[in-house]
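This is input_7.csv. It holds CSV, C-alpha atoms.
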```
chain,number,residue,atom,x,y,z
P,1,MET,CA,79.6,-62.2,45.9
P,2,ARG,CA,76.0,-61.5,46.6
P,3,LEU,CA,75.0,-62.9,43.3
P,4,VAL,CA,76.9,-66.2,44.1
P,5,ILE,CA,75.2,-66.4,47.5
P,6,PHE,CA,71.9,-65.8,45.9
P,7,LEU,CA,72.5,-68.5,43.3
P,8,VAL,CA,73.6,-71.1,45.8
P,9,THR,CA,70.6,-70.3,48.1
P,10,LEU,CA,68.3,-70.5,45.1
P,11,ALA,CA,69.8,-73.9,44.1
P,12,LEU,CA,69.5,-75.3,47.6
P,13,LEU,CA,65.9,-74.1,48.0
P,14,SER,CA,64.9,-75.4,44.6
P,15,SER,CA,66.4,-78.8,45.3
P,16,CYS,CA,63.7,-81.3,46.0
P,17,ASN,CA,62.9,-84.9,46.5
P,18,ALA,CA,59.5,-86.4,45.6
P,19,VAL,CA,58.6,-89.9,46.6
P,20,VAL,CA,55.5,-91.5,45.0
P,21,LEU,CA,54.3,-94.8,46.3
P,22,GLY,CA,51.7,-97.2,45.0
P,23,VAL,CA,49.9,-100.2,46.4
P,24,ARG,CA,51.2,-103.7,45.7
P,25,LEU,CA,50.9,-105.5,42.4
P,26,SER,CA,50.5,-109.3,42.1
P,27,SER,CA,52.7,-111.6,44.0
P,28,VAL,CA,54.5,-114.6,42.5
P,29,PRO,CA,53.1,-117.2,42.6
P,30,GLN,CA,49.8,-115.5,42.4
P,31,THR,CA,47.6,-116.0,45.4
P,32,ASP,CA,44.3,-114.6,44.1
P,33,ASN,CA,42.1,-114.7,41.0
P,34,THR,CA,42.4,-111.1,40.1
P,35,MET,CA,44.2,-109.8,37.0
P,36,PHE,CA,47.9,-110.5,37.1
P,37,LEU,CA,49.9,-107.3,37.3
P,38,SER,CA,53.6,-107.2,37.4
P,39,THR,CA,56.6,-105.1,36.5
P,40,GLY,CA,58.4,-108.3,35.5
P,41,THR,CA,57.5,-111.2,33.4
P,42,SER,CA,54.9,-114.0,33.9
P,43,PRO,CA,55.5,-117.0,36.2
P,44,ARG,CA,53.5,-119.2,33.7
P,45,LYS,CA,53.5,-119.7,29.9
P,46,PHE,CA,51.6,-117.0,28.2
P,47,ARG,CA,50.7,-115.5,24.8
P,48,THR,CA,50.9,-111.8,24.2
P,49,LEU,CA,47.7,-110.1,23.1
P,50,GLY,CA,49.0,-106.6,22.7
P,51,PHE,CA,50.4,-103.6,24.4
P,52,VAL,CA,48.6,-100.8,26.3
P,53,GLN,CA,49.7,-97.4,27.2
P,54,VAL,CA,47.7,-95.2,29.5
P,55,ARG,CA,48.3,-91.5,30.2
P,56,GLY,CA,46.4,-90.5,33.3
P,57,TYR,CA,45.5,-86.9,33.7
P,58,GLY,CA,44.4,-85.2,36.8
P,59,GLN,CA,44.8,-82.1,38.9
P,60,GLU,CA,46.3,-81.4,42.3
P,61,TRP,CA,44.2,-79.0,44.3
P,62,GLY,CA,45.6,-76.9,47.1
P,63,GLY,CA,48.6,-79.1,47.4
P,64,TYR,CA,46.9,-82.2,48.8
P,65,GLY,CA,43.6,-82.8,47.0
P,66,ASN,CA,43.7,-84.9,43.9
P,67,LEU,CA,41.2,-85.0,41.1
P,68,GLY,CA,41.2,-87.3,38.1
P,69,ASP,CA,43.5,-90.2,37.2
P,70,ALA,CA,47.0,-88.8,37.9
P,71,GLN,CA,47.7,-91.4,40.6
P,72,LEU,CA,49.9,-94.5,40.0
P,73,ASP,CA,47.3,-96.7,41.8
P,74,GLY,CA,44.3,-95.5,39.8
P,75,THR,CA,46.1,-95.6,36.5
P,76,ILE,CA,47.5,-99.1,37.0
P,77,HIS,CA,44.7,-100.8,38.9
P,78,ASN,CA,41.8,-99.1,37.1
P,79,ALA,CA,42.6,-97.7,33.7
P,80,LEU,CA,45.3,-100.2,32.7
P,81,ALA,CA,43.6,-103.3,34.1
P,82,LYS,CA,40.2,-102.4,32.6
P,83,GLU,CA,41.7,-101.8,29.2
P,84,ALA,CA,43.5,-105.2,29.4
P,85,ALA,CA,40.3,-106.9,30.5
P,86,ARG,CA,38.6,-105.3,27.5
P,87,MET,CA,41.2,-106.9,25.2
P,88,GLY,CA,40.5,-110.3,26.8
P,89,GLY,CA,43.7,-110.3,28.8
P,90,GLN,CA,44.3,-112.2,32.0
P,91,GLY,CA,47.3,-110.1,33.0
P,92,VAL,CA,49.6,-107.2,32.3
P,93,ILE,CA,53.3,-107.8,32.5
P,94,ASN,CA,56.5,-105.7,32.1
P,95,ILE,CA,54.6,-102.7,33.4
P,96,GLU,CA,56.5,-99.5,33.3
P,97,PHE,CA,55.3,-96.4,35.0
P,98,LEU,CA,56.3,-92.7,35.3
P,99,ASP,CA,54.7,-90.0,37.4
P,100,GLU,CA,55.8,-87.2,35.1
P,101,ASN,CA,55.7,-84.2,37.5
P,102,PRO,CA,55.4,-85.3,41.1
P,103,SER,CA,55.1,-82.6,43.7
P,104,THR,CA,57.6,-82.4,46.6
P,105,ASP,CA,56.5,-81.9,50.1
P,106,VAL,CA,57.7,-78.3,49.9
P,107,GLU,CA,55.7,-77.6,46.8
P,108,LYS,CA,52.6,-79.2,48.3
P,109,ALA,CA,52.9,-77.1,51.5
P,110,GLN,CA,53.5,-73.9,49.5
P,111,ARG,CA,50.3,-74.5,47.4
P,112,ALA,CA,48.3,-75.3,50.6
P,113,TYR,CA,49.6,-72.1,52.2
P,114,ASN,CA,48.8,-70.0,49.2
P,115,THR,CA,45.3,-71.4,49.1
P,116,VAL,CA,44.7,-70.8,52.8
P,117,ALA,CA,46.3,-67.3,52.7
P,118,SER,CA,44.1,-66.3,49.7
P,119,THR,CA,41.0,-67.6,51.4
P,120,LEU,CA,41.8,-65.7,54.6
P,121,SER,CA,42.4,-62.5,52.7
P,122,GLY,CA,38.9,-62.6,51.3
P,123,SER,CA,39.6,-63.7,47.7
P,124,PRO,CA,39.7,-67.5,47.8
P,125,GLN,CA,41.7,-69.1,45.1
P,126,ILE,CA,42.6,-72.7,45.0
P,127,GLU,CA,46.1,-73.3,43.6
P,128,THR,CA,46.0,-76.2,41.1
P,129,LYS,CA,48.6,-78.2,39.2
P,130,ASP,CA,48.2,-80.4,36.2
P,131,ARG,CA,49.4,-83.9,36.8
P,132,TYR,CA,50.3,-86.7,34.4
P,133,VAL,CA,51.1,-90.4,34.9
P,134,THR,CA,52.1,-92.7,32.1
P,135,VAL,CA,51.8,-96.5,32.4
P,136,THR,CA,52.8,-99.0,29.7
P,137,GLY,CA,52.3,-102.8,29.8
P,138,GLU,CA,52.1,-106.0,27.8
P,139,VAL,CA,48.7,-107.7,27.9
P,140,ILE,CA,48.8,-111.5,28.1
P,141,VAL,CA,46.7,-114.6,28.4
P,142,PHE,CA,47.9,-117.6,30.2
P,143,LEU,CA,48.4,-120.9,28.3
P,144,GLU,CA,48.3,-123.2,31.2
V,145,MET,CA,100.6,-69.9,17.7
V,146,THR,CA,98.3,-69.2,20.6
V,147,ARG,CA,95.6,-68.0,18.2
V,148,ARG,CA,95.7,-71.3,16.3
V,149,ALA,CA,95.9,-73.5,19.5
V,150,VAL,CA,92.8,-72.0,21.2
V,151,PRO,CA,90.3,-72.8,18.4
V,152,GLY,CA,92.0,-76.2,17.9
V,153,LEU,CA,91.7,-77.1,21.6
V,154,ALA,CA,88.1,-75.8,21.6
V,155,LEU,CA,87.3,-77.9,18.6
V,156,LEU,CA,89.0,-81.0,20.1
V,157,LEU,CA,87.0,-80.4,23.3
V,158,GLY,CA,83.8,-80.1,21.4
V,159,PHE,CA,84.3,-83.4,19.5
V,160,SER,CA,85.7,-85.3,22.4
V,161,ALA,CA,83.0,-84.4,24.9
V,162,CYS,CA,79.9,-85.9,23.4
V,163,THR,CA,79.5,-88.7,25.9
V,164,ALA,CA,78.2,-88.2,29.4
V,165,VAL,CA,78.8,-91.0,31.9
V,166,ASN,CA,77.1,-91.6,35.2
V,167,TYR,CA,77.4,-94.6,37.4
V,168,THR,CA,77.0,-95.7,41.0
V,169,ALA,CA,77.7,-98.9,42.9
V,170,LEU,CA,75.3,-100.2,45.5
V,171,PRO,CA,77.0,-99.8,48.9
V,172,THR,CA,74.6,-101.9,50.9
V,173,GLN,CA,75.2,-104.9,48.7
V,174,GLN,CA,78.9,-104.5,49.0
V,175,GLN,CA,78.8,-104.1,52.8
V,176,GLN,CA,76.0,-106.3,54.0
V,177,GLY,CA,74.2,-108.1,51.3
V,178,GLN,CA,70.9,-107.5,53.0
V,179,ILE,CA,68.8,-105.7,50.4
V,180,PHE,CA,69.0,-105.7,46.7
V,181,ILE,CA,68.3,-103.4,43.8
V,182,THR,CA,68.1,-104.9,40.4
V,183,ALA,CA,67.0,-104.0,36.9
V,184,GLN,CA,65.7,-107.6,36.3
V,185,GLY,CA,62.9,-109.7,37.8
V,186,LEU,CA,63.3,-112.3,40.5
V,187,SER,CA,63.7,-116.0,40.2
V,188,GLU,CA,62.4,-116.8,43.6
V,189,PRO,CA,58.8,-116.5,44.8
V,190,TYR,CA,58.0,-113.1,46.2
V,191,GLU,CA,55.3,-110.9,47.6
V,192,SER,CA,54.8,-107.5,46.1
V,193,VAL,CA,54.9,-104.7,48.6
V,194,GLY,CA,54.2,-101.9,46.3
V,195,ILE,CA,55.6,-99.7,43.6
V,196,VAL,CA,57.8,-96.7,44.2
V,197,GLN,CA,59.1,-93.7,42.2
V,198,ILE,CA,61.9,-91.4,43.6
V,199,THR,CA,62.4,-88.1,41.8
V,200,ARG,CA,65.2,-85.7,42.7
V,201,ARG,CA,65.1,-82.3,41.1
V,202,GLY,CA,67.6,-79.4,41.3
V,203,VAL,CA,70.0,-77.3,39.3
V,204,LEU,CA,73.7,-77.6,38.5
V,205,VAL,CA,75.4,-74.5,39.7
V,206,PHE,CA,78.3,-73.3,37.6
V,207,GLY,CA,77.8,-76.2,35.3
V,208,PHE,CA,79.4,-78.8,37.6
V,209,ALA,CA,78.3,-78.3,41.3
V,210,ASP,CA,75.3,-80.4,42.2
V,211,PRO,CA,74.1,-79.1,45.6
V,212,ALA,CA,70.6,-80.7,45.2
V,213,GLY,CA,72.1,-84.2,44.8
V,214,THR,CA,70.5,-85.1,41.4
V,215,ASP,CA,73.1,-87.8,40.8
V,216,LEU,CA,72.5,-91.5,40.7
V,217,ALA,CA,74.3,-92.2,44.0
V,218,THR,CA,72.0,-89.9,46.0
V,219,ALA,CA,68.9,-91.3,44.4
V,220,VAL,CA,70.0,-94.9,45.0
V,221,ASN,CA,70.6,-94.0,48.7
V,222,GLU,CA,67.1,-92.6,48.8
V,223,VAL,CA,65.8,-95.9,47.3
V,224,GLU,CA,67.6,-97.9,49.9
V,225,GLY,CA,65.8,-95.8,52.6
V,226,GLN,CA,62.4,-96.5,51.0
V,227,ILE,CA,63.1,-100.2,50.8
V,228,ARG,CA,63.8,-100.3,54.5
V,229,ARG,CA,60.9,-98.1,55.4
V,230,ALA,CA,58.5,-100.4,53.4
V,231,GLY,CA,59.9,-103.5,55.1
V,232,ALA,CA,60.8,-104.9,51.7
V,233,ASP,CA,63.8,-107.0,50.8
V,234,GLY,CA,64.6,-105.2,47.6
V,235,LEU,CA,63.6,-103.4,44.4
V,236,ILE,CA,63.1,-105.3,41.2
V,237,ASN,CA,62.7,-104.1,37.6
V,238,THR,CA,64.4,-100.9,38.4
V,239,ARG,CA,64.4,-98.2,35.7
V,240,VAL,CA,66.5,-95.1,35.9
V,241,GLN,CA,66.2,-91.8,34.0
V,242,GLN,CA,68.6,-89.0,34.5
V,243,THR,CA,69.4,-85.6,33.0
V,244,ASN,CA,72.8,-85.9,31.3
V,245,TYR,CA,75.0,-83.0,30.2
V,246,THR,CA,78.1,-83.3,28.1
V,247,THR,CA,81.3,-81.7,29.3
V,248,LEU,CA,80.8,-79.0,26.7
V,249,ALA,CA,77.4,-78.2,28.0
V,250,ARG,CA,78.7,-78.0,31.5
V,251,ILE,CA,81.4,-75.6,30.4
V,252,PHE,CA,78.7,-73.4,28.8
V,253,GLY,CA,76.9,-73.7,32.2
V,254,LEU,CA,80.0,-72.5,33.9
V,255,ILE,CA,80.4,-69.5,31.5
V,256,PHE,CA,76.7,-68.6,31.7
V,257,PHE,CA,76.6,-69.2,35.4
V,258,PHE,CA,73.6,-66.9,35.9
V,259,ALA,CA,71.4,-69.5,34.2
V,260,PRO,CA,71.9,-72.8,36.2
V,261,LEU,CA,71.3,-76.1,34.3
V,262,PRO,CA,68.2,-78.0,35.4
V,263,ALA,CA,68.9,-81.5,36.5
V,264,GLU,CA,66.7,-84.4,37.5
V,265,VAL,CA,67.0,-88.1,38.3
V,266,THR,CA,64.1,-90.6,38.6
V,267,ILE,CA,64.2,-94.2,39.7
V,268,THR,CA,61.2,-96.5,39.5
V,269,GLY,CA,60.7,-100.1,40.6
V,270,GLU,CA,58.6,-102.6,42.4
V,271,LEU,CA,59.3,-103.3,46.1
V,272,VAL,CA,59.2,-107.0,47.0
V,273,ARG,CA,59.6,-109.3,49.9
V,274,VAL,CA,61.1,-112.7,49.1
V,275,ARG,CA,59.1,-115.6,50.3
V,276,ARG,CA,61.8,-117.6,52.0
V,277,GLY,CA,61.4,-121.3,52.1
V,278,ALA,CA,58.9,-121.3,49.3
V,279,ALA,CA,59.5,-123.5,46.2
V,280,PRO,CA,61.1,-121.6,43.3
V,281,VAL,CA,59.0,-120.6,40.4
V,282,ALA,CA,60.1,-122.7,37.5
V,283,PRO,CA,58.5,-121.9,34.1
V,284,GLY,CA,58.8,-118.6,32.3
V,285,MET,CA,60.8,-116.8,35.0
V,286,PRO,CA,63.9,-114.8,34.2
V,287,ALA,CA,67.4,-115.7,35.2
V,288,PRO,CA,68.4,-115.7,38.9
V,289,VAL,CA,69.3,-112.3,40.0
V,290,PRO,CA,69.8,-110.6,43.3
V,291,VAL,CA,72.5,-110.0,45.8
V,292,PRO,CA,75.6,-110.1,43.8
V,293,ALA,CA,78.6,-110.2,46.1
V,294,GLY,CA,80.2,-107.0,44.8
V,295,GLY,CA,77.2,-104.9,43.8
V,296,THR,CA,76.2,-104.1,40.3
V,297,PRO,CA,76.4,-100.7,38.7
V,298,LEU,CA,73.0,-99.6,37.6
```
Whole structure, C-alpha coordinates version:
Amino acid sequence: MRLVIFLVTLALLSSCNAVVLGVRLSSVPQTDNTMFLSTGTSPRKFRTLGFVQVRGYGQEWGGYGNLGDAQLDGTIHNALAKEAARMGGQGVINIEFLDENPSTDVEKAQRAYNTVASTLSGSPQIETKDRYVTVTGEVIVFLE
Amino acid sequence: MTRRAVPGLALLLGFSACTAVNYTALPTQQQQGQIFITAQGLSEPYESVGIVQITRRGVLVFGFADPAGTDLATAVNEVEGQIRRAGADGLINTRVQQTNYTTLARIFGLIFFFAPLPAEVTITGELVRVRRGAAPVAPGMPAPVPVPAGGTPL
(Lines of atoms letter the chains of each structure in order from A and count residues from 1; the text may use other names and numbers.)
(Lines give C-alpha, C1' and ligand atoms only; values in the text may rest on other atoms or scores of the structure.)
Protein backbone atom coordinates (compact mmCIF):
# COMPACT_ATOMS: atom_id res chain seq x y z
CA MET A 1 0.00 0.00 0.00
CA ARG A 2 2.82 2.36 0.89
CA LEU A 3 4.48 1.54 -2.39
CA VAL A 4 1.30 2.42 -4.30
CA ILE A 5 0.97 5.75 -2.47
CA PHE A 6 4.64 6.45 -3.14
CA LEU A 7 4.27 5.68 -6.84
CA VAL A 8 1.15 7.81 -7.23
CA THR A 9 2.80 10.70 -5.37
CA LEU A 10 5.88 10.33 -7.52
CA ALA A 11 3.77 10.35 -10.67
CA LEU A 12 1.87 13.47 -9.61
CA LEU A 13 5.03 15.29 -8.59
CA SER A 14 6.82 14.36 -11.76
CA SER A 15 3.94 15.55 -13.93
CA CYS A 16 4.77 18.79 -15.57
CA ASN A 17 3.69 21.30 -18.09
CA ALA A 18 6.13 23.46 -20.01
CA VAL A 19 5.02 26.35 -22.18
CA VAL A 20 7.48 27.95 -24.58
CA LEU A 21 6.49 31.14 -26.36
CA GLY A 22 8.19 32.98 -29.17
CA VAL A 23 7.71 36.40 -30.73
CA ARG A 24 5.58 36.86 -33.82
CA LEU A 25 6.54 35.75 -37.30
CA SER A 26 5.45 37.55 -40.51
CA SER A 27 1.86 38.57 -40.97
CA VAL A 28 -0.13 37.94 -44.16
CA PRO A 29 -0.08 40.07 -46.22
CA GLN A 30 3.38 41.14 -45.14
CA THR A 31 3.54 44.66 -43.76
CA ASP A 32 7.30 45.20 -43.66
CA ASN A 33 10.36 44.52 -45.83
CA THR A 34 12.06 42.05 -43.52
CA MET A 35 12.57 38.39 -44.35
CA PHE A 36 9.24 36.58 -44.67
CA LEU A 37 8.97 33.94 -41.95
CA SER A 38 5.95 31.68 -41.66
CA THR A 39 4.87 28.30 -40.36
CA GLY A 40 2.60 28.13 -43.39
CA THR A 41 3.05 28.70 -47.07
CA SER A 42 3.75 31.89 -49.04
CA PRO A 43 1.05 34.41 -49.95
CA ARG A 44 2.79 35.05 -53.28
CA LYS A 45 4.26 32.91 -56.03
CA PHE A 46 7.67 31.63 -55.11
CA ARG A 47 10.58 29.41 -56.09
CA THR A 48 12.20 27.09 -53.59
CA LEU A 49 15.93 27.57 -53.12
CA GLY A 50 16.47 24.82 -50.60
CA PHE A 51 15.88 23.66 -47.07
CA VAL A 52 17.55 24.63 -43.84
CA GLN A 53 17.67 22.90 -40.51
CA VAL A 54 19.18 24.60 -37.49
CA ARG A 55 19.80 22.91 -34.16
CA GLY A 56 20.40 25.56 -31.55
CA TYR A 57 22.39 24.60 -28.50
CA GLY A 58 22.53 26.49 -25.24
CA GLN A 59 22.58 26.17 -21.51
CA GLU A 60 20.14 27.13 -18.83
CA TRP A 61 21.90 28.54 -15.77
CA GLY A 62 20.38 28.45 -12.33
CA GLY A 63 16.94 27.80 -13.76
CA TYR A 64 16.37 31.20 -15.29
CA GLY A 65 19.55 32.36 -17.06
CA ASN A 66 20.04 31.37 -20.68
CA LEU A 67 23.27 31.15 -22.61
CA GLY A 68 23.61 30.27 -26.28
CA ASP A 69 21.05 29.68 -29.01
CA ALA A 70 18.57 27.36 -27.32
CA GLN A 71 15.68 29.81 -27.58
CA LEU A 72 12.99 29.63 -30.25
CA ASP A 73 13.30 33.34 -31.03
CA GLY A 74 17.06 33.33 -31.41
CA THR A 75 17.10 30.19 -33.51
CA ILE A 76 14.36 31.33 -35.90
CA HIS A 77 15.00 35.07 -36.17
CA ASN A 78 18.79 34.90 -36.07
CA ALA A 79 20.29 31.57 -37.08
CA LEU A 80 17.58 30.43 -39.54
CA ALA A 81 16.98 33.86 -41.10
CA LYS A 82 20.72 34.50 -41.47
CA GLU A 83 21.27 31.15 -43.14
CA ALA A 84 18.36 31.80 -45.51
CA ALA A 85 19.76 35.23 -46.40
CA ARG A 86 23.14 33.65 -47.06
CA MET A 87 21.44 31.33 -49.57
CA GLY A 88 19.91 34.38 -51.26
CA GLY A 89 16.43 33.70 -49.92
CA GLN A 90 13.74 36.29 -49.29
CA GLY A 91 11.75 34.14 -46.94
CA VAL A 92 11.45 30.88 -45.04
CA ILE A 93 8.13 29.05 -45.17
CA ASN A 94 6.73 25.87 -43.62
CA ILE A 95 8.85 26.47 -40.55
CA GLU A 96 8.70 23.63 -38.05
CA PHE A 97 10.20 24.04 -34.61
CA LEU A 98 10.74 21.89 -31.55
CA ASP A 99 12.15 22.86 -28.19
CA GLU A 100 13.49 19.42 -27.36
CA ASN A 101 13.74 19.65 -23.59
CA PRO A 102 11.88 22.65 -22.19
CA SER A 103 12.00 23.19 -18.43
CA THR A 104 8.85 23.39 -16.38
CA ASP A 105 8.35 26.11 -13.77
CA VAL A 106 8.96 23.53 -11.03
CA GLU A 107 12.26 22.44 -12.58
CA LYS A 108 13.39 26.04 -13.00
CA ALA A 109 12.52 26.88 -9.41
CA GLN A 110 14.29 23.77 -8.17
CA ARG A 111 17.49 24.67 -10.02
CA ALA A 112 17.33 28.24 -8.78
CA TYR A 113 16.80 27.00 -5.21
CA ASN A 114 19.71 24.55 -5.44
CA THR A 115 21.96 27.27 -6.82
CA VAL A 116 21.03 29.73 -4.07
CA ALA A 117 21.29 27.04 -1.37
CA SER A 118 24.74 25.97 -2.50
CA THR A 119 25.88 29.60 -2.61
CA LEU A 120 24.60 30.27 0.92
CA SER A 121 26.27 27.13 2.22
CA GLY A 122 29.65 28.45 1.08
CA SER A 123 30.28 26.19 -1.92
CA PRO A 124 28.61 28.00 -4.81
CA GLN A 125 27.58 25.77 -7.67
CA ILE A 126 25.36 26.94 -10.50
CA GLU A 127 23.06 24.18 -11.73
CA THR A 128 23.01 24.01 -15.51
CA LYS A 129 21.00 22.14 -18.09
CA ASP A 130 21.84 21.57 -21.74
CA ARG A 131 19.10 22.87 -24.03
CA TYR A 132 18.37 22.08 -27.66
CA VAL A 133 16.03 23.69 -30.18
CA THR A 134 15.55 22.34 -33.71
CA VAL A 135 14.08 24.49 -36.48
CA THR A 136 13.48 23.44 -40.09
CA GLY A 137 12.28 25.57 -43.00
CA GLU A 138 11.99 25.96 -46.78
CA VAL A 139 13.99 28.85 -48.19
CA ILE A 140 12.26 30.71 -51.01
CA VAL A 141 12.50 33.69 -53.33
CA PHE A 142 9.40 35.51 -54.52
CA LEU A 143 8.65 35.53 -58.24
CA GLU A 144 6.39 38.59 -58.24
CA MET B 1 -7.14 -27.05 -22.60
CA THR B 2 -6.26 -24.11 -20.37
CA ARG B 3 -2.57 -24.61 -21.04
CA ARG B 4 -3.17 -24.26 -24.77
CA ALA B 5 -5.63 -21.40 -24.45
CA VAL B 6 -3.39 -19.11 -22.43
CA PRO B 7 -0.46 -19.01 -24.88
CA GLY B 8 -2.94 -18.76 -27.74
CA LEU B 9 -4.68 -15.77 -26.18
CA ALA B 10 -1.37 -14.14 -25.34
CA LEU B 11 -0.21 -14.61 -28.93
CA LEU B 12 -3.49 -13.21 -30.25
CA LEU B 13 -3.17 -10.23 -27.94
CA GLY B 14 0.39 -9.70 -29.05
CA PHE B 15 -0.50 -9.61 -32.72
CA SER B 16 -3.74 -7.66 -32.36
CA ALA B 17 -2.34 -4.90 -30.19
CA CYS B 18 0.16 -3.29 -32.51
CA THR B 19 -1.76 -0.08 -33.12
CA ALA B 20 -2.12 2.72 -30.62
CA VAL B 21 -4.90 5.21 -31.26
CA ASN B 22 -5.24 8.64 -29.70
CA TYR B 23 -7.71 11.31 -30.68
CA THR B 24 -9.45 14.34 -29.33
CA ALA B 25 -12.17 16.67 -30.53
CA LEU B 26 -12.04 20.42 -30.08
CA PRO B 27 -14.72 21.29 -27.51
CA THR B 28 -14.59 25.02 -28.07
CA GLN B 29 -15.30 24.72 -31.75
CA GLN B 30 -18.21 22.45 -31.04
CA GLN B 31 -19.67 24.72 -28.39
CA GLN B 32 -18.94 28.25 -29.47
CA GLY B 33 -16.96 28.44 -32.67
CA GLN B 34 -14.89 31.28 -31.24
CA ILE B 35 -11.33 30.06 -31.59
CA PHE B 36 -9.82 27.56 -33.97
CA ILE B 37 -6.98 25.07 -33.96
CA THR B 38 -5.94 23.69 -37.31
CA ALA B 39 -3.08 21.72 -38.83
CA GLN B 40 -3.29 23.86 -42.00
CA GLY B 41 -2.63 27.48 -42.86
CA LEU B 42 -5.21 30.21 -43.16
CA SER B 43 -6.86 31.52 -46.30
CA GLU B 44 -7.73 34.91 -44.80
CA PRO B 45 -5.27 37.70 -44.03
CA TYR B 46 -3.91 37.37 -40.53
CA GLU B 47 -1.56 38.95 -38.07
CA SER B 48 1.00 36.68 -36.44
CA VAL B 49 0.89 36.90 -32.65
CA GLY B 50 3.71 34.48 -31.91
CA ILE B 51 4.67 30.85 -31.81
CA VAL B 52 3.91 28.47 -28.99
CA GLN B 53 4.95 25.04 -27.81
CA ILE B 54 3.10 23.16 -25.09
CA THR B 55 4.81 20.12 -23.58
CA ARG B 56 3.25 17.89 -20.94
CA ARG B 57 5.40 15.24 -19.33
CA GLY B 58 4.58 12.53 -16.84
CA VAL B 59 4.35 8.80 -16.33
CA LEU B 60 1.70 6.16 -16.91
CA VAL B 61 1.08 4.46 -13.58
CA PHE B 62 0.22 0.76 -13.83
CA GLY B 63 0.45 1.04 -17.61
CA PHE B 64 -2.92 2.74 -18.05
CA ALA B 65 -3.46 5.48 -15.45
CA ASP B 66 -2.35 8.93 -16.64
CA PRO B 67 -2.42 11.22 -13.58
CA ALA B 68 -0.19 13.81 -15.26
CA GLY B 69 -2.55 14.30 -18.19
CA THR B 70 -0.19 13.52 -21.04
CA ASP B 71 -3.07 12.85 -23.43
CA LEU B 72 -4.11 14.92 -26.42
CA ALA B 73 -7.29 16.27 -24.81
CA THR B 74 -5.42 17.82 -21.86
CA ALA B 75 -2.79 19.31 -24.14
CA VAL B 76 -5.43 20.79 -26.46
CA ASN B 77 -7.18 22.33 -23.45
CA GLU B 78 -3.86 23.91 -22.49
CA VAL B 79 -3.47 25.24 -26.03
CA GLU B 80 -6.93 26.80 -25.83
CA GLY B 81 -5.87 28.62 -22.67
CA GLN B 82 -2.73 29.93 -24.36
CA ILE B 83 -4.72 31.17 -27.37
CA ARG B 84 -7.03 33.13 -25.09
CA ARG B 85 -4.19 34.50 -22.93
CA ALA B 86 -2.35 35.71 -26.03
CA GLY B 87 -5.47 37.43 -27.35
CA ALA B 88 -5.28 35.37 -30.55
CA ASP B 89 -8.09 33.97 -32.65
CA GLY B 90 -6.52 30.59 -33.22
CA LEU B 91 -3.55 28.33 -33.76
CA ILE B 92 -2.48 27.41 -37.30
CA ASN B 93 -0.04 24.85 -38.70
CA THR B 94 -0.41 22.81 -35.55
CA ARG B 95 1.91 19.83 -35.10
CA VAL B 96 1.39 17.12 -32.50
CA GLN B 97 3.87 14.63 -31.08
CA GLN B 98 2.83 12.11 -28.48
CA THR B 99 4.29 9.04 -26.80
CA ASN B 100 2.25 6.04 -27.87
CA TYR B 101 2.22 2.65 -26.19
CA THR B 102 0.51 -0.40 -27.61
CA THR B 103 -1.87 -2.36 -25.42
CA LEU B 104 0.79 -5.01 -25.00
CA ALA B 105 3.31 -2.47 -23.76
CA ARG B 106 0.72 -1.11 -21.33
CA ILE B 107 0.06 -4.60 -20.00
CA PHE B 108 3.79 -4.98 -19.41
CA GLY B 109 3.62 -1.62 -17.64
CA LEU B 110 0.86 -3.03 -15.45
CA ILE B 111 2.84 -6.15 -14.63
CA PHE B 112 6.07 -4.24 -13.97
CA PHE B 113 4.23 -1.46 -12.14
CA PHE B 114 7.33 -0.45 -10.20
CA ALA B 115 8.77 1.00 -13.43
CA PRO B 116 6.16 3.53 -14.68
CA LEU B 117 6.11 4.28 -18.41
CA PRO B 118 7.32 7.77 -19.35
CA ALA B 119 4.80 9.73 -21.40
CA GLU B 120 4.91 13.07 -23.19
CA VAL B 121 2.75 15.12 -25.52
CA THR B 122 3.92 18.19 -27.42
CA ILE B 123 1.86 20.61 -29.50
CA THR B 124 3.42 23.39 -31.56
CA GLY B 125 1.86 26.03 -33.74
CA GLU B 126 1.58 29.70 -34.68
CA LEU B 127 -0.83 31.98 -32.84
CA VAL B 128 -2.70 34.28 -35.21
CA ARG B 129 -5.28 37.03 -35.15
CA VAL B 130 -7.54 37.20 -38.20
CA ARG B 131 -7.63 40.59 -39.92
CA ARG B 132 -11.35 40.99 -40.17
CA GLY B 133 -12.61 43.04 -43.09
CA ALA B 134 -9.34 42.77 -45.00
CA ALA B 135 -9.30 41.46 -48.54
CA PRO B 136 -8.56 37.74 -48.80
CA VAL B 137 -5.13 36.71 -49.98
CA ALA B 138 -5.58 35.09 -53.35
CA PRO B 139 -2.49 33.58 -54.94
CA GLY B 140 -0.57 30.71 -53.46
CA MET B 141 -2.55 30.31 -50.27
CA PRO B 142 -3.86 26.96 -49.04
CA ALA B 143 -7.48 25.92 -49.02
CA PRO B 144 -9.87 27.68 -46.63
CA VAL B 145 -9.75 26.23 -43.18
CA PRO B 146 -10.93 27.27 -39.84
CA VAL B 147 -13.91 26.91 -37.61
CA PRO B 148 -15.52 23.76 -38.85
CA ALA B 149 -18.97 23.44 -37.33
CA GLY B 150 -18.37 20.13 -35.60
CA GLY B 151 -14.70 20.39 -34.68
CA THR B 152 -11.95 18.39 -36.33
CA PRO B 153 -10.02 15.64 -34.60
CA LEU B 154 -6.35 16.48 -34.58
**OP:** May I ask you to extract the residues of chain P within 7 Å of chain V, using only C-alpha atoms, and to give them as a PyMOL selection string?
**Re:** chain P and resi 11-12+14-29+39-45
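Of the residues under consideration (P:Glu138, P:Asp32, P:Asp99, P:Glu107), P:Glu138 shows the shortest atom-to-atom contact distance to Leu80 in chain P when counting only C-alpha atoms.
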**OP:** Work out how far CA of Val141 in chain P is from CA of Met87 in chain P, in Å to one decimal.
**Re:**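 Distance reported for this atom pair: 10.0 Å.
Shortest separation to Ile93 in chain P among P:Thr31, P:Asn78, P:Gln110, P:Ser38 occurs at residue P:Ser38, atoms counted being all atoms listed in the file.
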